[in-house]
Structure formats: structure tokens, C-alpha cells
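Undergrad: Structure provided below as C-alpha cells; questions to follow.
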Amino acid sequence: MTTPAPLNLFNSLTRALEPFTPVHPGEARVYTCGPTVYNYPHIGNMRAYVFADILGRTLTYNGYRLTHIINITDVGHLTDDADAGEDKLEQAAAAAARSIWDIAQHYTEAFWADIAALNIRPPAEWSIASAFVPQMIAAAEQIAAQHCYELPGGLYFDTGTVADYGRLARAATDEGEGRIEAVEGKRHPADFAIWRRTPPGETRQMEWDSPWGRGAPGWHLECSVMSAALLGLPFDIHTGGIDHREIHHPNEIAQNQALQGFDHTHGGLDCAQHSGAKLWMHNNFLVARAEEGRSGKMSKSSGEFLRLQLLIDRGYHPMAYRMLCLQAHYRSELEFSWEGLGAALTRLKRLVMAVEKLKLGLGGRDIEAFTVALPPQPPMSAAYFHTFQQAIADDLNTALALTVVEQVIANFGNIGIGESMQLSLLATMDSVLGLNLLALTRADLRLRPKSAAITEAEIEATLAQRKEARAARDFAKSDALRAHLTAQGVEVMDGDPLGWDWKLS
């Protein structure tokens, strides 16, 4: 196997491609902003974790010992990104008349189920925000004298005390400050709460005693404290959705500068490590077509959003959504439509069928025998693999990497390797893409929509009768059976080049 190509990754802080050089030789330490567990994640949310998974798989493939942390925000995130509104978990608990702890657990488990369904590898640790509150209070005490001031609402971070505040957001041109709510007494419009005091006469389900009164930590403080505690400052890569680039991550950076002992006179962001992470990476939005009734980026604010479970209920395997994500570069907007999802499913089916054919040629040998340690390859297969590696090394170009996988499959007869090595080659590529090609089957991908009344067994039995009728040239019966299936929402796919036989509309 050829040596992995050196990684070049786009750093949002510098707006440039940079070679990946780890802070600690041989290691890769990555922090990903996780969900606020007050509602189900929508598929736009899940794009961020598919992206982070591809990054982690690529770092693992390149030989780095990966430590990946994803947080679970169960306290502190307000209904607005900055300092306005109620705590999202408190609000959800009140609406459901349930314990805030029950709400957090329910939606955390729903998120983890989606993570598993999309074949996203679990991180080294799920850091739960409420478990780190003592460390958050200690961190706030550490920086309070030099970087903070008190207002009636709590303890605020003075953004004028650190160098280059807002550089990540390019606030002067990207209008990052326009979304920050005005709070009376702030020294600067962009200053933000790192501890929110519970208002007099109110009681929250999640609140703690602190030097600044009983209350809860600010959302921004959580990620700084957890990443520092679990990865150390500075670490290698911080990831999140592009919406975090405008307020949340600039505020994290300011706190990280303070926690590392930097102020406005030194510790500027010309040196990216002063931000707490060497690279800041952001995936772009998932957007819906206007005709889907959801024009623009997906959001929970309207009360209507697409969950992964809805895709499954409509007969689309969750890995079709992963395929859809991989077809676009993570920094590009990705358009969602049902037609596009169907095309991604068809593309996935073609790959799965090709792998099934290879497995049949090996007489059913255990697929676990195929590892990512490839033997020496003939020149043509090595060339394909080199192109694959170059694509992934070029800022995770999964769209190009997918076409290389398809080229390998299309040219199996010409590249001079047997089924065993072909499967090893595909297993190696799929260790990065994570499509689970060696384990998925055609049957797995043929999901029955939740609304369908007919069972799969009934479909297969009717198709068997139709096959017998066609063999006997009883075309009237054949047509009648086809019409019966059509009435049940089953499309019979005679002559389908994929040989898929049928699908449920």
C-alpha cells in the first residue's frame, strides 16, 4: 500500500488550506461542537457529524492516534446564540411538563441513535456539559479579574481584553455582531455572558452556586472548558457547523486566549494556536428546495424539520443520506431534495451490488478477513488508490473519492487483481468513506415505507406468481398481478439495470 498523502485542510481562521501538522507528534486531537439536546436533531445538524467522522477516519487512516471529543449541551444554551431568551432545555422541559434531566436523556439517546444509523464512529468521549460545571466555575474564577466584569444578569467576558476578537467570523464584513442582543451595561456590543445569574424570584431545574450568584454557565464557556480539560490547549482541530463561525466559536477563542494567559497586548491570532486549536473547520449548511416548502438552511425554529427517522419512514436507508453528504464537498452548501436522496440511494445500491458480486465469487468467505492492510498492488490498482488518497488529502474531497471507487469497480476486469484483493482495496477506501459497503446487502437497502400496507413477503410471493405466469406466457395474469402491486404502491421494475425488481413508492 502506498504511503498516505500529506493532509491539507482548510482553516477557517486563516481562510486558507494548510498542511496538517499535529501539536503532539503521532496524535490528532479533535473537538466537535455537539447538539443541544432539547429536540431531535434534523438532517442538517447530522451533516456536521458526517463531516467530522470523515475527518476522524482520514486522520486514523493516515496513522494518527485519534482522540475525538463531542460534547452534549444539556445546560446553558439560550434560545438565541448570544445573551437573549430562555435556556433551551428549561424551555423544552416546561413545555413537556417533564424533568429537564429526562428531556436531555431522551434527546441525547435519539441523537446517538442517528449517529449509529449513519455509521458515524463514536468519539473517545461524549462530554456532558452539566458534568463539567465545577470546572467551568473554576475557569471563570481564573480569568475573571483580568477579562470579566459583573452585571445584574451575571458575569460577562470583556472582548476588548483579548487580541483580534472576531477574526474567525470576519465580523466587520460578515455582520457577525448583528445577531448579538444588546444588554444594558455591556462595555462592548460583542461582550457575552460566561455565567448567567438566576433572576430574583425564579428557580431553574439546572442551577449551581457560584461566586457570582446561583445560576448556570454560559454556552460558550462550556466548550472552552471541556476541550481544555479533555484535549489540552492548544489542540489540533475544532469542528462545527458554519453557523458557529459567527458568534459561538469567536467567543470560545476569546476564552481560550484568556485561559492560556493571553491578553490584548499579546497572544494575537496571527498564530492560530493562540485560539486554542491549530485549525478551525466548518461544514456548510444543508438547504432545502423551495418546492419542498423549506427554502434555505434547515432550522428547528419553525417547528418543522426533517429528521433522519422521517427519511427511514419513507423507505430511504440512512446510508443514502450519508452518500448524499459525501457527494458534495463539506464546505459547499448541500441541497436536499427527495429526488436527490433517491439518486444517492441508487448510487449506493450500485456499489453494494458490486461488492455482493465479489463476495459471491469468494464462496461466502467471512468479510472480516478483509482488512485495510493491502498487499503490494499491480500498477493500475495502485494508480487508482493514489488518486483516491490524493482526493481525500485535498481537504477531504469525498466527491472525487467516490468517483474513484466507482472507477475501480467499473474496471475490475482490467486492473489485474482477484476478488480478495479487490475487496481489500474497497475495504481500505471504505474505511475512510464509512459507507459500510462490505456489510450492507440489497435486502438492507430495500426499506419498506412506514405507510405501506403490503408486506415484503406478500410482494415477493406476488412477484413469484407473476414470474410463473410470464414463463407460461399467461400475460393477462401477469398484467393483473402487476396492476395489483401497483395499486398497493409497489413499482415493479422490469428490466431495471440494477436488477432491483421492485420498490415501494
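Residue numbers start at 1 in each chain; chains themselves are named A, B, ... in the order of the C-alpha cells; ligands are numbered from 1 in the order shown.
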Can you pull out the residues contacting A:Ile54? Cut-off 7 Å, using only C-alpha atoms, and skip same-chain residues under 4 positions away; I want them as a ChimeraX atom specification.
TA: /A:50,58,432-433
Undergrad: Please list as a PyMOL selection string every residue within 6 Å of stretch 25-38 of chain A, counting only C-alpha atoms and excluding residues in the same chain fewer than 6 positions away.
TA: chain A and resi 64-74+89+92+104+107-108+235-240
Undergrad: Would you write out those residues with N, CA and C atoms, as a tab-separated table (two decimals), in the first residue's frame?
TA:
chain	number	residue	atom	x	y	z
A	64	TYR	N	-2.56	8.56	12.54
A	64	TYR	CA	-2.55	9.31	13.79
A	64	TYR	C	-3.39	8.61	14.85
A	65	ARG	N	-2.95	8.70	16.09
A	65	ARG	CA	-3.73	8.20	17.21
A	65	ARG	C	-4.77	9.27	17.53
A	66	LEU	N	-6.02	8.99	17.21
A	66	LEU	CA	-7.09	9.98	17.27
A	66	LEU	C	-7.75	10.02	18.63
A	67	THR	N	-7.88	11.21	19.18
A	67	THR	CA	-8.75	11.46	20.33
A	67	THR	C	-9.79	12.47	19.90
A	68	HIS	N	-11.01	12.02	19.75
A	68	HIS	CA	-12.11	12.87	19.26
A	68	HIS	C	-13.12	13.05	20.38
A	69	ILE	N	-13.46	14.29	20.67
A	69	ILE	CA	-14.44	14.61	21.71
A	69	ILE	C	-15.64	15.30	21.06
A	70	ILE	N	-16.85	14.85	21.40
A	70	ILE	CA	-18.07	15.54	21.01
A	70	ILE	C	-18.85	15.84	22.28
A	71	ASN	N	-19.27	17.09	22.45
A	71	ASN	CA	-19.99	17.44	23.67
A	71	ASN	C	-21.50	17.28	23.50
A	72	ILE	N	-22.15	17.14	24.61
A	72	ILE	CA	-23.61	17.15	24.69
A	72	ILE	C	-23.99	18.35	25.56
A	73	THR	N	-24.64	19.35	24.96
A	73	THR	CA	-25.04	20.54	25.71
A	73	THR	C	-26.41	20.32	26.33
A	74	ASP	N	-26.41	20.11	27.64
A	74	ASP	CA	-27.68	19.91	28.35
A	74	ASP	C	-27.99	21.08	29.28
A	89	LEU	N	-33.14	24.00	27.22
A	89	LEU	CA	-33.58	22.80	27.94
A	89	LEU	C	-34.66	23.12	28.95
A	92	ALA	N	-37.86	23.55	26.98
A	92	ALA	CA	-38.42	22.29	26.50
A	92	ALA	C	-39.04	21.48	27.63
A	104	ALA	N	-33.28	15.88	28.49
A	104	ALA	CA	-31.90	15.78	27.98
A	104	ALA	C	-31.55	14.34	27.63
A	107	TYR	N	-33.46	13.10	24.29
A	107	TYR	CA	-32.94	13.63	23.03
A	107	TYR	C	-31.47	13.27	22.80
A	108	THR	N	-30.74	13.04	23.88
A	108	THR	CA	-29.37	12.54	23.72
A	108	THR	C	-29.39	11.15	23.10
A	235	PHE	N	-5.01	22.34	21.08
A	235	PHE	CA	-5.18	21.02	20.46
A	235	PHE	C	-5.20	21.21	18.95
A	236	ASP	N	-5.52	20.16	18.21
A	236	ASP	CA	-5.28	20.20	16.76
A	236	ASP	C	-6.41	20.84	15.96
A	237	ILE	N	-7.62	20.31	16.09
A	237	ILE	CA	-8.72	20.74	15.20
A	237	ILE	C	-10.00	20.90	15.99
A	238	HIS	N	-10.69	21.99	15.74
A	238	HIS	CA	-12.03	22.23	16.29
A	238	HIS	C	-12.99	22.29	15.10
A	239	THR	N	-14.06	21.48	15.14
A	239	THR	CA	-15.03	21.46	14.04
A	239	THR	C	-16.41	21.88	14.51
A	240	GLY	N	-17.23	22.26	13.55
A	240	GLY	CA	-18.62	22.62	13.83
A	240	GLY	C	-19.28	23.12	12.57
Undergrad: Tell me which of A:Glu202, A:His24, A:Trp338, A:Thr3 sits closest to A:Ala382, counting only C-alpha atoms.
TA: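 When distances to A:Ala382 are compared using only C-alpha atoms, the smallest one comes from A:Thr3.
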Undergrad: I need the residues of stretch 24-177 of chain A that end up classed as alpha helix (DSSP H) by DSSP on the backbone, written out as number ranges by chain.
TA: A: 43-61, 88-96, 100-117, 133-147, 171-174
Undergrad: Set the distance at 8 Å and use only C-alpha atoms: which residues neighbour stretch 266-278 of chain A once local chain neighbours fewer than 3 positions away are removed? I'd like the list as a PyMOL selection string.
TA: chain A and resi 13-14+23+162-164+167+233-238+253-254+256-257+260+262-263
Undergrad: When DSSP is applied to the backbone of this structure, which of stretch 282-360 of chain A are assigned strand (DSSP E)? Write them out as a list in words.
TA: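 Selecting the strand (DSSP E) positions of stretch 282-360 of chain A gives His282, Asn283, Leu286, Val287, Ala288, Gly296, Lys297, Leu334, Glu335 and Phe336 of chain A.
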Undergrad: Grab the atom CA of A:Asn411 to atom CA of A:Pro4 distance for me, in Å with one decimal place.
TA: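 Computing the Euclidean distance for atom CA of A:Asn411 and atom CA of A:Pro4 yields 22.8 Å.
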Undergrad: Can you tell me how far atom CA of A:Leu481 sits from atom CA of A:Ser451, in Å to one decimal?
TA: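 Rounded to one decimal, the two atoms are 21.1 Å apart.
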Undergrad: Find the residues near stretch 220-227 of chain A: any atom within 6 Å, counting only C-alpha atoms, skip ones fewer than 2 places away on the same chain, and give them as a PyMOL selection string.
TA: chain A and resi 136+194+218+229-231+248+252
